[in-house]
Amino acid sequence: MSRMDPDRLAGILIMTGAVIGLVSTTVTLWTVCAVMGWLAFVLVLVFGVYVFRKRPEARLLAAATLWFAPLEAVSSAEIIWLAGYISLEGVRVWASAALIGTALTLVGGFVRLLRGPTPAQPDPELGFAGNAARRTR
């Protein structure tokens with residue numbers, strides 16, 4: 001049984017949460033709050049792609065995910081409140097799905113931050129000098 005790389009797992013969780021949030025927020029895209037949540041989910045999706053690809057800045061972007069995910073939750077909570085005030089039950093369900101997406105992005109961000117910094121990986125053929133040689137080609 002093989003273990004999944006924590007960076008890949010964090011990226012998958014962040015991207016899955018962002019996609020769930022994007023879909024559910026797009027359905028409720030009739031308020032200013034939804035636009036704020038949609039933009040936050042788009043940014044988090046981009047952050048998730050960078051975390052998944054094991055970029056050097058992945059740790060910083062995982063921390064940024066922890067900043068933008070509460071913005072998503074605030075916008076979803078406001079949509080739930082407005083939908084309850086206007087009696088739109090379907091919108092409340094979709095906004096609740098966005099909260100699930102927010103929870104997934106938060107878990108993914110914490111998984112990446114708790115892993116710690118990624119050490120430099122040498123090229124198996126050329127060693128540490130191979131990374132610099134590859135950039136000059």
# chains A, B, ... in the order shown; residues from 1 in each chain; ligands from 1
>>> residues_around(residues="A:Gly48", least_positions_apart="5", cutoff="6 Å", atoms="only C-alpha atoms", output="PyMOL selection string")
chain A and resi 11+14-15
>>> write_last_selection(atoms="C-alpha atoms", output="compact mmCIF listing (two decimals), in the first residue's frame")
# COMPACT_ATOMS: atom_id res chain seq x y z
CA GLY A 11 -3.62 20.37 -3.33
CA ILE A 14 -7.92 22.73 -1.80
CA MET A 15 -8.91 22.32 -5.45
>>> residues_around(residues="stretch 68-78 of chain A", least_positions_apart="4", cutoff="8 Å", atoms="only C-alpha atoms", output="PyMOL selection string")
chain A and resi 25+33-34+36-38+40-41+43-44+64+82+95-96+98-99+102-103+105-106
>>> write_last_selection(atoms="N, CA and C atoms", output="PDB file, in the first residue's frame")
ATOM      1  N   THR A  25     -21.504  28.706  -5.545  1.00  0.00           N
ATOM      2  CA  THR A  25     -21.603  30.155  -5.519  1.00  0.00           C
ATOM      3  C   THR A  25     -22.077  30.696  -6.866  1.00  0.00           C
ATOM      4  N   CYS A  33     -22.404  39.714  -2.141  1.00  0.00           N
ATOM      5  CA  CYS A  33     -21.707  38.754  -1.285  1.00  0.00           C
ATOM      6  C   CYS A  33     -21.254  37.543  -2.098  1.00  0.00           C
ATOM      7  N   ALA A  34     -22.090  37.118  -3.035  1.00  0.00           N
ATOM      8  CA  ALA A  34     -21.741  35.957  -3.855  1.00  0.00           C
ATOM      9  C   ALA A  34     -20.557  36.273  -4.759  1.00  0.00           C
ATOM     10  N   MET A  36     -18.079  38.281  -4.051  1.00  0.00           N
ATOM     11  CA  MET A  36     -16.895  38.211  -3.193  1.00  0.00           C
ATOM     12  C   MET A  36     -16.487  36.756  -2.965  1.00  0.00           C
ATOM     13  N   GLY A  37     -17.452  35.901  -2.705  1.00  0.00           N
ATOM     14  CA  GLY A  37     -17.150  34.480  -2.511  1.00  0.00           C
ATOM     15  C   GLY A  37     -16.626  33.834  -3.772  1.00  0.00           C
ATOM     16  N   TRP A  38     -17.184  34.202  -4.921  1.00  0.00           N
ATOM     17  CA  TRP A  38     -16.747  33.629  -6.190  1.00  0.00           C
ATOM     18  C   TRP A  38     -15.294  34.003  -6.461  1.00  0.00           C
ATOM     19  N   ALA A  40     -13.031  34.819  -4.261  1.00  0.00           N
ATOM     20  CA  ALA A  40     -12.178  34.124  -3.285  1.00  0.00           C
ATOM     21  C   ALA A  40     -11.989  32.661  -3.689  1.00  0.00           C
ATOM     22  N   PHE A  41     -13.052  32.005  -4.181  1.00  0.00           N
ATOM     23  CA  PHE A  41     -12.925  30.613  -4.608  1.00  0.00           C
ATOM     24  C   PHE A  41     -12.014  30.489  -5.831  1.00  0.00           C
ATOM     25  N   LEU A  43      -9.427  32.439  -6.544  1.00  0.00           N
ATOM     26  CA  LEU A  43      -8.057  32.569  -6.037  1.00  0.00           C
ATOM     27  C   LEU A  43      -7.599  31.299  -5.334  1.00  0.00           C
ATOM     28  N   VAL A  44      -8.471  30.715  -4.530  1.00  0.00           N
ATOM     29  CA  VAL A  44      -8.113  29.493  -3.801  1.00  0.00           C
ATOM     30  C   VAL A  44      -7.884  28.343  -4.781  1.00  0.00           C
ATOM     31  N   ALA A  64      -2.119  31.649   2.421  1.00  0.00           N
ATOM     32  CA  ALA A  64      -3.082  32.561   1.789  1.00  0.00           C
ATOM     33  C   ALA A  64      -4.450  31.894   1.658  1.00  0.00           C
ATOM     34  N   LEU A  82     -29.600  35.944   3.750  1.00  0.00           N
ATOM     35  CA  LEU A  82     -30.483  36.641   2.809  1.00  0.00           C
ATOM     36  C   LEU A  82     -31.536  35.703   2.220  1.00  0.00           C
ATOM     37  N   ALA A  95     -25.825  27.484  -0.931  1.00  0.00           N
ATOM     38  CA  ALA A  95     -24.854  28.232  -0.126  1.00  0.00           C
ATOM     39  C   ALA A  95     -24.264  27.351   0.969  1.00  0.00           C
ATOM     40  N   SER A  96     -25.041  26.409   1.476  1.00  0.00           N
ATOM     41  CA  SER A  96     -24.508  25.466   2.463  1.00  0.00           C
ATOM     42  C   SER A  96     -23.450  24.559   1.830  1.00  0.00           C
ATOM     43  N   ALA A  98     -21.417  25.533  -0.408  1.00  0.00           N
ATOM     44  CA  ALA A  98     -20.215  26.369  -0.454  1.00  0.00           C
ATOM     45  C   ALA A  98     -19.479  26.323   0.878  1.00  0.00           C
ATOM     46  N   LEU A  99     -20.214  26.191   1.981  1.00  0.00           N
ATOM     47  CA  LEU A  99     -19.558  26.061   3.285  1.00  0.00           C
ATOM     48  C   LEU A  99     -18.786  24.747   3.380  1.00  0.00           C
ATOM     49  N   THR A 102     -15.637  25.342   1.580  1.00  0.00           N
ATOM     50  CA  THR A 102     -14.744  26.134   2.424  1.00  0.00           C
ATOM     51  C   THR A 102     -14.033  25.259   3.443  1.00  0.00           C
ATOM     52  N   ALA A 103     -14.763  24.319   4.038  1.00  0.00           N
ATOM     53  CA  ALA A 103     -14.152  23.418   5.021  1.00  0.00           C
ATOM     54  C   ALA A 103     -13.056  22.576   4.373  1.00  0.00           C
ATOM     55  N   THR A 105     -11.202  23.394   1.764  1.00  0.00           N
ATOM     56  CA  THR A 105     -10.034  24.240   1.485  1.00  0.00           C
ATOM     57  C   THR A 105      -9.251  24.515   2.762  1.00  0.00           C
ATOM     58  N   LEU A 106      -9.952  24.702   3.865  1.00  0.00           N
ATOM     59  CA  LEU A 106      -9.249  24.920   5.137  1.00  0.00           C
ATOM     60  C   LEU A 106      -8.450  23.694   5.551  1.00  0.00           C
TER      61      LEU A 106
END
>>> atom_distance(atom1="atom CA of A:Leu104", atom2="atom CA of A:Val19")
10.3 Å
>>> residues_around(residues="A:Ala10", least_positions_apart="2", cutoff="8 Å", atoms="only C-alpha atoms", output="VMD selection string")
chain A and resid 6 to 8 12 to 14 48 51 to 52 107 to 112
